[in-house]
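Enquirer: This is start_23.txt (compact mmCIF, C-alpha atoms).
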# COMPACT_ATOMS: atom_id res chain seq x y z
CA MET A 157 15.51 -21.67 -24.98
CA ILE A 158 15.85 -21.26 -21.22
CA ALA A 159 17.92 -18.11 -21.74
CA GLU A 160 15.07 -16.63 -23.72
CA TYR A 161 12.63 -17.07 -20.87
CA TRP A 162 15.11 -16.59 -18.03
CA THR A 163 13.86 -13.08 -17.12
CA PHE A 164 10.32 -14.43 -16.85
CA ILE A 165 11.53 -17.22 -14.57
CA VAL A 166 13.34 -14.69 -12.37
CA ILE A 167 10.17 -12.58 -12.18
CA ALA A 168 8.05 -15.63 -11.31
CA VAL A 169 10.40 -16.87 -8.58
CA ALA A 170 12.02 -13.71 -7.18
CA GLY A 171 8.90 -11.62 -7.80
CA PHE A 172 5.65 -13.57 -7.65
CA LEU A 173 6.71 -16.23 -5.16
CA ALA A 174 8.79 -13.82 -3.04
CA THR A 175 5.78 -11.54 -2.46
CA ASP A 176 2.86 -13.97 -2.47
CA ILE A 177 4.22 -16.32 0.19
CA TRP A 178 3.73 -13.42 2.65
CA ARG A 179 0.22 -12.77 1.35
CA TRP A 180 -0.65 -16.46 1.79
CA LEU A 181 0.79 -16.48 5.32
CA GLY A 182 -1.33 -13.39 5.97
CA VAL A 183 -4.46 -15.29 4.87
CA PHE A 184 -3.70 -18.23 7.17
CA THR A 185 -2.96 -15.90 10.10
CA GLY A 186 -5.87 -13.56 9.47
CA ASN A 187 -8.28 -16.45 9.05
CA ARG A 188 -7.68 -17.42 12.67
CA LEU A 189 -8.23 -13.94 14.07
CA ASN A 190 -11.58 -12.77 15.36
CA GLU A 191 -12.69 -9.32 14.34
CA ASP A 192 -12.53 -7.91 17.84
CA SER A 193 -9.64 -9.94 19.23
CA GLU A 194 -6.66 -8.40 21.04
CA ALA A 195 -4.36 -10.01 18.44
CA LEU A 196 -6.11 -8.18 15.61
CA TYR A 197 -5.52 -4.86 17.39
CA TRP A 198 -1.81 -5.65 17.36
CA VAL A 199 -1.79 -6.85 13.73
CA ARG A 200 -3.63 -3.67 12.68
CA ALA A 201 -1.11 -1.53 14.54
CA VAL A 202 1.83 -3.34 12.90
CA ALA A 203 0.27 -3.10 9.42
CA THR A 204 -0.40 0.63 9.85
CA SER A 205 3.12 1.34 11.13
CA LEU A 206 4.63 -0.62 8.22
CA VAL A 207 2.63 1.23 5.59
CA MET A 208 3.35 4.61 7.18
CA ALA A 209 7.07 3.80 7.38
CA VAL A 210 7.05 3.11 3.62
CA THR A 211 5.05 6.31 3.03
CA ALA A 212 7.26 8.55 5.15
CA LYS A 213 10.33 7.16 3.40
CA LEU A 214 8.86 8.11 0.02
CA ILE A 215 8.77 11.72 1.24
CA VAL A 216 12.12 11.82 3.06
CA PHE A 217 14.14 9.61 0.67
CA PRO A 218 12.38 9.79 -2.73
CA ASN A 219 13.61 8.32 -6.03
CA GLY A 220 14.05 10.08 -9.34
CA THR A 221 13.57 13.78 -9.99
CA LEU A 222 11.94 14.46 -6.63
CA ALA A 223 15.26 13.60 -4.97
CA GLY A 224 16.58 16.88 -6.44
CA THR A 225 14.19 19.00 -4.36
CA PRO A 226 15.26 20.09 -0.86
CA LEU A 227 14.16 17.95 2.10
CA TRP A 228 12.61 20.94 3.91
CA LEU A 229 10.32 21.59 0.94
CA ARG A 230 9.02 18.01 0.79
CA VAL A 231 8.61 17.61 4.56
CA GLY A 232 7.19 21.14 4.88
CA ALA A 233 4.67 20.63 2.06
CA ALA A 234 3.56 17.26 3.47
CA GLY A 235 3.50 18.50 7.10
CA ILE A 236 1.66 21.78 6.53
CA GLY A 237 -0.70 20.04 4.10
CA PHE A 238 -1.46 17.39 6.71
CA ALA A 239 -2.08 20.04 9.40
CA VAL A 240 -4.52 21.88 7.10
CA PHE A 241 -6.21 18.55 6.30
CA VAL A 242 -6.73 17.73 10.00
CA ALA A 243 -7.83 21.30 10.85
CA THR A 244 -10.42 21.46 8.06
CA GLY A 245 -12.37 18.32 8.86
CA ARG A 246 -10.23 15.56 7.33
CA LYS A 247 -11.30 15.74 3.67
CA VAL A 248 -8.93 13.51 1.68
CA GLY A 249 -9.14 15.87 -1.32
CA VAL A 250 -7.77 18.70 0.87
CA GLY A 251 -5.08 16.39 2.24
CA VAL A 252 -3.86 15.71 -1.29
CA ALA A 253 -4.39 19.11 -2.95
CA VAL A 254 -2.69 21.31 -0.31
CA PRO A 255 0.66 19.44 -0.15
CA MET A 256 0.74 19.11 -3.94
CA ALA A 257 0.11 22.85 -4.38
CA LEU A 258 2.81 23.70 -1.81
CA LEU A 259 5.32 21.40 -3.54
CA VAL A 260 4.61 22.84 -6.99
CA ALA A 261 4.78 26.40 -5.62
CA GLY A 262 8.11 25.61 -3.94
CA ILE A 263 9.57 24.09 -7.10
CA TRP A 264 8.27 27.06 -9.15
CA TRP A 265 9.71 29.79 -6.93
CA GLY A 266 12.76 27.93 -5.76
CA GLY A 267 13.69 26.82 -9.26
CA PHE A 268 14.70 23.30 -8.14
CA MET B 762 -34.36 -14.86 -0.45
CA SER B 763 -34.12 -16.73 -3.75
CA PRO B 764 -30.71 -17.71 -5.15
CA VAL B 765 -31.42 -15.64 -8.26
CA SER B 766 -31.69 -12.36 -6.40
CA ASP B 767 -28.59 -13.37 -4.42
CA ASP B 768 -26.64 -13.73 -7.64
CA ARG B 769 -27.78 -10.39 -8.88
CA ASN B 770 -26.80 -8.77 -5.61
CA ALA B 771 -23.35 -10.33 -5.71
CA LEU B 772 -22.87 -9.13 -9.28
CA SER B 773 -24.02 -5.64 -8.44
CA TRP B 774 -21.58 -5.53 -5.50
CA PHE B 775 -18.83 -6.65 -7.87
CA PHE B 776 -19.65 -3.68 -10.10
CA THR B 777 -19.79 -1.36 -7.09
CA GLY B 778 -16.26 -2.50 -6.24
CA MET B 779 -15.22 -1.97 -9.87
CA ARG B 780 -16.44 1.61 -9.71
CA GLY B 781 -13.73 2.20 -7.10
CA LEU B 782 -11.44 2.41 -10.12
CA LEU B 783 -12.68 5.95 -10.68
CA SER B 784 -11.79 6.98 -7.13
CA LEU B 785 -8.94 9.31 -6.25
CA PRO B 786 -6.67 6.57 -4.80
CA ALA B 787 -6.99 4.34 -7.86
CA LEU B 788 -6.24 7.22 -10.21
CA ILE B 789 -3.21 8.21 -8.12
CA LEU B 790 -1.91 4.64 -8.19
CA LEU B 791 -2.39 4.40 -11.96
CA THR B 792 -0.36 7.60 -12.27
CA SER B 793 2.46 6.11 -10.17
CA ILE B 794 2.37 3.03 -12.39
CA VAL B 795 3.07 5.26 -15.38
CA GLY B 796 6.27 6.18 -13.55
CA PHE B 797 7.10 2.50 -13.03
CA SER B 798 6.73 1.70 -16.73
CA ALA B 799 9.29 4.40 -17.54
CA PHE B 800 11.65 2.97 -14.92
CA ALA B 801 11.24 -0.53 -16.40
CA LEU B 802 12.09 0.75 -19.88
CA GLU B 803 15.16 2.63 -18.63
CA SER B 804 16.31 -0.49 -16.77
CA GLY B 805 16.20 -2.65 -19.90
CA LEU B 806 13.06 -4.70 -19.33
CA THR B 807 11.03 -5.53 -22.44
CA ARG B 808 7.37 -4.51 -22.62
CA ALA B 809 6.25 -8.13 -22.12
CA GLU B 810 8.52 -8.57 -19.09
CA ALA B 811 7.26 -5.33 -17.50
CA VAL B 812 3.63 -6.37 -18.05
CA PHE B 813 4.27 -9.84 -16.64
CA MET B 814 6.00 -8.34 -13.61
CA SER B 815 3.09 -6.00 -12.86
CA LEU B 816 0.60 -8.87 -12.96
CA ALA B 817 2.80 -11.36 -11.07
CA ILE B 818 3.91 -9.09 -8.21
CA TRP B 819 1.33 -6.29 -7.98
CA ALA B 820 3.22 -4.30 -5.36
CA LEU B 821 5.10 -1.27 -6.66
CA PRO B 822 7.89 -1.20 -4.03
CA ALA B 823 8.70 -4.89 -4.66
CA GLN B 824 8.66 -4.30 -8.43
CA VAL B 825 11.05 -1.37 -8.13
CA ILE B 826 13.36 -3.46 -5.94
CA LEU B 827 13.30 -6.42 -8.33
CA VAL B 828 14.01 -4.25 -11.38
CA GLY B 829 16.82 -2.55 -9.48
CA SER B 830 18.33 -5.87 -8.38
CA MET B 831 18.07 -7.37 -11.86
CA ALA B 832 19.63 -4.27 -13.44
CA SER B 833 22.54 -4.45 -11.00
CA GLY B 834 23.23 -8.02 -12.16
CA ALA B 835 22.23 -9.79 -8.93
CA ASN B 836 21.52 -13.52 -9.25
CA ILE B 837 18.07 -15.03 -8.74
CA ALA B 838 18.69 -15.91 -5.06
CA ALA B 839 19.84 -12.38 -4.21
CA CYS B 840 16.85 -10.95 -6.09
CA PHE B 841 14.52 -13.27 -4.19
CA LEU B 842 16.00 -12.22 -0.85
CA ALA B 843 15.78 -8.49 -1.56
CA VAL B 844 12.18 -8.74 -2.76
CA THR B 845 10.97 -11.10 -0.05
CA LEU B 846 12.46 -8.97 2.76
CA SER B 847 10.67 -5.93 1.39
CA SER B 848 7.41 -7.86 1.16
CA ILE B 849 7.10 -9.17 4.72
CA ARG B 850 4.75 -6.24 5.36
CA MET B 851 2.21 -8.03 3.12
CA MET B 852 1.57 -10.54 5.90
CA PRO B 853 0.14 -8.17 8.57
CA MET B 854 -1.59 -6.13 5.85
CA VAL B 855 -3.44 -9.19 4.55
CA ALA B 856 -4.00 -10.59 8.04
CA SER B 857 -5.65 -7.36 9.20
CA VAL B 858 -8.08 -7.31 6.25
CA VAL B 859 -9.06 -11.01 6.15
CA PRO B 860 -11.18 -11.04 9.35
CA GLU B 861 -13.25 -8.16 7.96
CA MET B 862 -13.55 -9.64 4.47
CA ARG B 863 -14.60 -13.23 5.13
CA THR B 864 -17.73 -14.87 6.44
CA ARG B 865 -17.65 -18.21 8.22
CA ARG B 866 -18.30 -19.92 4.89
CA THR B 867 -15.73 -18.10 2.73
CA PRO B 868 -13.43 -20.81 1.31
CA ILE B 869 -9.72 -20.38 1.98
CA TRP B 870 -8.78 -20.80 -1.69
CA LEU B 871 -10.83 -17.71 -2.49
CA LEU B 872 -9.03 -15.71 0.18
CA LEU B 873 -5.68 -16.98 -1.12
CA ILE B 874 -6.55 -15.77 -4.64
CA LEU B 875 -7.91 -12.44 -3.40
CA SER B 876 -4.81 -11.86 -1.28
CA HIS B 877 -2.76 -11.41 -4.46
CA PHE B 878 -4.70 -8.22 -5.17
CA ILE B 879 -3.90 -6.69 -1.77
CA ALA B 880 -1.22 -4.01 -2.07
CA ILE B 881 -1.10 -0.64 -0.32
CA THR B 882 -3.85 1.07 -2.37
CA SER B 883 -6.31 -1.82 -2.16
CA TRP B 884 -5.48 -2.27 1.53
CA VAL B 885 -6.47 1.34 2.16
CA PHE B 886 -9.56 0.79 0.01
CA ALA B 887 -10.45 -2.30 2.06
CA ILE B 888 -9.99 -0.74 5.51
CA THR B 889 -11.88 2.38 4.39
CA THR B 890 -14.90 0.88 2.62
CA LEU B 891 -15.42 -2.79 3.61
CA ARG B 892 -17.34 -1.83 6.73
CA ASN B 893 -20.05 -0.19 4.58
CA VAL B 894 -20.70 -3.42 2.64
CA PRO B 895 -22.91 -6.29 3.92
CA ARG B 896 -20.58 -9.00 5.15
CA GLU B 897 -21.62 -11.71 2.68
CA TYR B 898 -20.76 -9.45 -0.26
CA ARG B 899 -17.45 -8.08 1.00
CA ALA B 900 -15.26 -10.64 -0.79
CA VAL B 901 -17.00 -10.14 -4.14
CA TYR B 902 -16.96 -6.37 -3.64
CA PHE B 903 -13.23 -6.42 -2.96
CA ALA B 904 -12.69 -8.72 -5.96
CA GLY B 905 -14.49 -6.18 -8.15
CA PHE B 906 -12.10 -3.46 -7.06
CA GLY B 907 -8.87 -5.46 -6.67
CA VAL B 908 -9.00 -7.48 -9.89
CA THR B 909 -10.08 -4.50 -11.98
CA LEU B 910 -7.37 -2.29 -10.51
CA THR B 911 -4.65 -4.89 -11.12
CA LEU B 912 -5.73 -5.52 -14.71
CA THR B 913 -6.02 -1.78 -15.42
CA GLY B 914 -2.64 -1.11 -13.80
CA THR B 915 -1.06 -3.84 -15.92
CA LEU B 916 -2.68 -2.39 -19.03
CA VAL B 917 -1.21 1.02 -18.12
CA VAL B 918 2.27 -0.54 -17.94
CA GLY B 919 1.81 -2.02 -21.41
CA VAL B 920 0.42 1.14 -22.98
CA PHE B 921 2.71 3.73 -21.37
CA TYR B 922 5.88 1.60 -21.60
CA ASP B 923 7.56 3.77 -24.22
CA ILE B 924 5.42 6.91 -24.07
CA VAL B 925 6.32 8.26 -20.69
CA SER B 926 10.03 8.77 -21.30
CA GLY B 927 9.02 11.83 -23.33
CA PHE B 928 7.49 13.54 -20.27
CA PRO B 929 9.39 16.41 -18.63
CA PRO B 930 11.18 15.02 -15.54
CA THR B 931 9.64 17.61 -13.16
CA VAL B 932 6.17 16.33 -14.01
CA ALA B 933 7.21 12.79 -13.11
CA GLY B 934 8.74 14.03 -9.84
CA VAL B 935 5.64 15.95 -8.82
CA LEU B 936 3.42 12.98 -9.69
CA PHE B 937 5.61 10.77 -7.51
CA PHE B 938 4.68 12.99 -4.52
CA LEU B 939 0.98 12.17 -4.96
CA THR B 940 1.30 8.65 -3.58
CA PRO B 941 2.68 9.45 -0.09
CA VAL B 942 0.47 12.50 0.52
CA TYR B 943 -2.56 10.49 -0.50
CA PHE B 944 -1.65 7.70 1.93
CA ASN B 945 -1.11 10.25 4.72
CA ALA B 946 -4.59 11.70 4.29
CA SER B 947 -6.58 8.55 3.55
CA ILE B 948 -5.11 6.33 6.25
CA TRP B 949 -5.56 9.05 8.87
CA ALA B 950 -9.12 9.75 7.68
CA SER B 951 -10.00 6.04 7.90
CA ALA B 952 -8.45 5.57 11.37
CA HIS B 953 -11.43 4.99 13.65
CA GLN B 954 -9.50 3.38 16.48
CA PRO B 955 -6.91 5.30 18.53
CA VAL B 956 -4.48 2.39 18.16
CA VAL B 957 -4.34 3.04 14.40
CA LYS B 958 -3.57 6.73 14.93
CA ILE B 959 -0.77 5.97 17.39
CA ALA B 960 0.64 3.36 14.97
CA PHE B 961 0.41 5.93 12.16
CA VAL B 962 2.57 8.41 14.10
CA MET B 963 5.04 5.66 15.07
CA GLY B 964 5.48 4.57 11.46
CA VAL B 965 6.01 8.13 10.20
CA ILE B 966 8.71 8.80 12.81
CA LEU B 967 10.43 5.41 12.78
CA GLY B 968 10.42 4.75 9.00
CA PRO B 969 12.86 7.49 7.95
CA THR B 970 14.81 7.31 11.23
CA LEU B 971 15.49 3.58 10.98
CA ALA B 972 16.32 3.95 7.28
CA LEU B 973 19.45 5.76 8.46
CA VAL B 974 20.27 3.14 11.10
CA THR B 975 19.38 -0.17 9.45
CA PRO B 976 18.57 0.37 5.75
CA GLN B 977 17.91 -3.34 5.04
CA PHE B 978 15.30 -3.91 7.73
CA ASP B 979 14.03 -0.38 8.39
CA VAL B 980 10.43 -0.90 7.30
CA LEU B 981 10.16 -4.22 9.09
CA CYS B 982 11.63 -2.82 12.34
CA ALA B 983 9.49 0.33 12.12
CA GLY B 984 6.37 -1.79 11.56
CA VAL B 985 6.86 -4.45 14.20
CA GLY B 986 8.51 -2.10 16.73
CA GLY B 987 6.25 0.91 16.15
CA GLY B 988 3.13 -1.25 15.90
CA THR B 989 3.92 -3.08 19.13
CA VAL B 990 4.62 0.15 21.03
CA ALA B 991 1.38 1.64 19.65
CA TYR B 992 -0.53 -1.46 20.73
CA LEU B 993 0.93 -1.34 24.25
CA ILE B 994 0.18 2.39 24.64
CA ASP B 995 -3.38 1.77 23.44
CA ARG B 996 -3.87 -1.20 25.74
CA ALA B 997 -2.68 0.81 28.75
CA ARG B 998 -5.07 3.59 27.71
CA ARG B 999 -8.01 1.18 27.39
CA LYS B 1000 -7.23 -0.45 30.75
CA LYS B 1001 -7.05 2.93 32.47
CA LYS B 1002 -10.35 3.96 30.93
CA HIS B 1003 -11.89 0.68 31.99
CA VAL B 1004 -10.63 1.06 35.57
CA GLY B 1005 -11.82 4.67 35.60
CA GLN B 1006 -15.31 3.62 34.53
CA GLY B 1007 -15.36 0.84 37.10
CA ALA B 1008 -14.45 3.23 39.92
CA GLY B 1009 -17.12 5.68 38.82
CA ARG B 1010 -19.91 3.15 39.22
What is this structure when it is put down as structure tokens?
Expert:
Amino acid sequence: MIAEYWTFIVIAVAGFLATDIWRWLGVFTGNRLNEDSEALYWVRAVATSLVMAVTAKLIVFPNGTLAGTPLWLRVGAAGIGFAVFVATGRKVGVGVAVPMALLVAGIWWGGF
Amino acid sequence: MSPVSDDRNALSWFFTGMRGLLSLPALILLTSIVGFSAFALESGLTRAEAVFMSLAIWALPAQVILVGSMASGANIAACFLAVTLSSIRMMPMVASVVPEMRTRRTPIWLLLILSHFIAITSWVFAITTLRNVPREYRAVYFAGFGVTLTLTGTLVVGVFYDIVSGFPPTVAGVLFFLTPVYFNASIWASAHQPVVKIAFVMGVILGPTLALVTPQFDVLCAGVGGGTVAYLIDRARRKKKHVGQGAGR
């Protein structure tokens, strides 16, 4: 009986609880911060750095099929795409379309 | 204002939040979730387990780590440790959104429930759009987006569970690239304060670098270290500006 539901128990404990305790701590911390406090500046900076570290890792060390493409192609596509995005007035659509097009073109011609 | 019109306003803000489901970020996330459902199938999770996991965790990196740990035969304590270490970032993410989302009267239980729906995509959604919503409707507006996105994402896991393995692998790889390039553009576009831009650059540089040095704690170190350095640089910049203005008067 327990064996049948064991995976669900693992997901509830090692998944739900393991992630949501940090969300709850975030609520208690954030609830004490004022919107223009010095502490919130720091928390915002930490949150942004964390998310960007995860993001950059997805490009540099990807999982699955993308891992078979060369690093220079992924970093080049993301970097040039980002430069075009900043230079053309920061339209998110441009920031997504240009790197994607560069990646697809690279895979197409490079045959990766 | 009568309570009736208040109710209608709240409901209409809920629907406005819901409409965020048709935005680029939500569609990109739903595409990445298709990739997760294939990974869950390959790793031996049943459809029901994959659906339950999506709803219970609602954070793709943590889900991937848990599936990976379970597939490698790790026990529940080891799984817990791996997932919880990767999820520490939730705390500053939630803490940075809460002051913008609540009013003085927002009950804490509501914030605790809403916090479950904060993951990277909804965090970006919150920091990008909350400021355009009247404060008293921000929580209900975020609920409209967050709850709908989570339920839709979970539905996608259930529906695509055994469909996606038929896709050509290159398509899956290219789709995987959508998520990071979208975050690059949207977080930079929503950065109104210099401190956020400095922290952005810090994270991009330190994330992959520290992954080579300390693979277990790379994201945490990059976040706390990079964020703190960014904060200090910004504070020095603000002080200098302040002093400069004072001398000019």
Enquirer: Give me, as a ChimeraX atom specification, all polymer residues having an atom no more than 12 Å from Phe938 (chain B), counting all atoms listed in the file and skipping those fewer than 5 positions away in the same chain.
Expert: /A:211-223,225,229-231,233-234,252-260 /B:789-790,792-793,796,931-933,943-945
Enquirer: Those same residues - C-alpha atoms - I'd like them written as a PDB file, in the coordinates of the input.
Expert:
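Saved as result-v2.pdb:
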ATOM      1  CA  THR A 211       5.050   6.310   3.030  1.00  0.00           C
ATOM      2  CA  ALA A 212       7.260   8.550   5.150  1.00  0.00           C
ATOM      3  CA  LYS A 213      10.330   7.160   3.400  1.00  0.00           C
ATOM      4  CA  LEU A 214       8.860   8.110   0.020  1.00  0.00           C
ATOM      5  CA  ILE A 215       8.770  11.720   1.240  1.00  0.00           C
ATOM      6  CA  VAL A 216      12.120  11.820   3.060  1.00  0.00           C
ATOM      7  CA  PHE A 217      14.140   9.610   0.670  1.00  0.00           C
ATOM      8  CA  PRO A 218      12.380   9.790  -2.730  1.00  0.00           C
ATOM      9  CA  ASN A 219      13.610   8.320  -6.030  1.00  0.00           C
ATOM     10  CA  GLY A 220      14.050  10.080  -9.340  1.00  0.00           C
ATOM     11  CA  THR A 221      13.570  13.780  -9.990  1.00  0.00           C
ATOM     12  CA  LEU A 222      11.940  14.460  -6.630  1.00  0.00           C
ATOM     13  CA  ALA A 223      15.260  13.600  -4.970  1.00  0.00           C
ATOM     14  CA  THR A 225      14.190  19.000  -4.360  1.00  0.00           C
ATOM     15  CA  LEU A 229      10.320  21.590   0.940  1.00  0.00           C
ATOM     16  CA  ARG A 230       9.020  18.010   0.790  1.00  0.00           C
ATOM     17  CA  VAL A 231       8.610  17.610   4.560  1.00  0.00           C
ATOM     18  CA  ALA A 233       4.670  20.630   2.060  1.00  0.00           C
ATOM     19  CA  ALA A 234       3.560  17.260   3.470  1.00  0.00           C
ATOM     20  CA  VAL A 252      -3.860  15.710  -1.290  1.00  0.00           C
ATOM     21  CA  ALA A 253      -4.390  19.110  -2.950  1.00  0.00           C
ATOM     22  CA  VAL A 254      -2.690  21.310  -0.310  1.00  0.00           C
ATOM     23  CA  PRO A 255       0.660  19.440  -0.150  1.00  0.00           C
ATOM     24  CA  MET A 256       0.740  19.110  -3.940  1.00  0.00           C
ATOM     25  CA  ALA A 257       0.110  22.850  -4.380  1.00  0.00           C
ATOM     26  CA  LEU A 258       2.810  23.700  -1.810  1.00  0.00           C
ATOM     27  CA  LEU A 259       5.320  21.400  -3.540  1.00  0.00           C
ATOM     28  CA  VAL A 260       4.610  22.840  -6.990  1.00  0.00           C
TER      29      VAL A 260
ATOM     30  CA  ILE B 789      -3.210   8.210  -8.120  1.00  0.00           C
ATOM     31  CA  LEU B 790      -1.910   4.640  -8.190  1.00  0.00           C
ATOM     32  CA  THR B 792      -0.360   7.600 -12.270  1.00  0.00           C
ATOM     33  CA  SER B 793       2.460   6.110 -10.170  1.00  0.00           C
ATOM     34  CA  GLY B 796       6.270   6.180 -13.550  1.00  0.00           C
ATOM     35  CA  THR B 931       9.640  17.610 -13.160  1.00  0.00           C
ATOM     36  CA  VAL B 932       6.170  16.330 -14.010  1.00  0.00           C
ATOM     37  CA  ALA B 933       7.210  12.790 -13.110  1.00  0.00           C
ATOM     38  CA  TYR B 943      -2.560  10.490  -0.500  1.00  0.00           C
ATOM     39  CA  PHE B 944      -1.650   7.700   1.930  1.00  0.00           C
ATOM     40  CA  ASN B 945      -1.110  10.250   4.720  1.00  0.00           C
TER      41      ASN B 945
END
Enquirer: Nearest residue to chain B out of A:Ile177, A:Ala159, A:Ala209, A:Val242, using all atoms listed in the file?
Expert: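 Closest to chain B of all the choices is A:Ala209.
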Enquirer: Residues within 7 Å of region 857-862 of chain B, please, as a count of residues only. Count only C-alpha atoms; anything in the same chain fewer than 3 positions from it doesn't count.
Expert: 15
Enquirer: Go through region 197-235 of chain A residue by residue and, counting all atoms listed in the file, keep those with an atom at most 12 Å from region 876-885 of chain B; for each kept residue give the shortest atom pair and its distance in Å to one decimal, ordered by chain and increasing number, as a Markdown table.
Expert:
| residue | atom | partner | partner_atom | distance |
| --- | --- | --- | --- | --- |
| A:Arg200 | CA | B:Trp884 | CA | 11.4 |
| A:Ala203 | CA | B:Trp884 | CA | 9.8 |
| A:Thr204 | CA | B:Val885 | CA | 9.8 |
| A:Leu206 | CA | B:Ile881 | CA | 10.3 |
| A:Val207 | CA | B:Ile881 | CA | 7.2 |
| A:Met208 | CA | B:Ile881 | CA | 10.2 |
| A:Val210 | CA | B:Ile881 | CA | 9.8 |
| A:Thr211 | CA | B:Ile881 | CA | 9.9 |
Enquirer: Quick one: of B:Tyr902, B:Phe886, B:Tyr922, B:Phe961, who's nearest to chain A, counting only C-alpha atoms?
Expert: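 Closest residue, counting only C-alpha atoms: B:Phe961.
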Enquirer: Every residue with an atom at most 12 Å from (4.1, -2.8, 16.2) (file coordinates; all atoms listed in the file) is what I'm after, so could you write them as a PyMOL selection string?
Expert: (chain A and resi 195-209) or (chain B and resi 850+853+956-957+959-964+967+980-995)
Enquirer: Expressed in Å to a single decimal, how great is the separation between CA of Ala817 (chain B) and CA of Val855 (chain B)?
Expert: 17.0 Å
Enquirer: Smallest atom-to-atom distance to chain A: which of B:Phe776, B:Phe906, B:Trp949, B:Phe921, using only C-alpha atoms?
Expert: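 Smallest distance to chain A is found for B:Trp949.
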Enquirer: Could you work out how far CA of His953 (chain B) lies from CA of Phe241 (chain A), giving the answer in Å with one decimal?
Expert: 16.3 Å
Enquirer: Of the candidates A:Trp228, A:Trp264, A:Glu160, A:Gly251, which shows the shortest atom-to-atom distance to chain B, using only C-alpha atoms?
Expert: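 The shortest atom-to-atom distance to chain B comes from A:Gly251.
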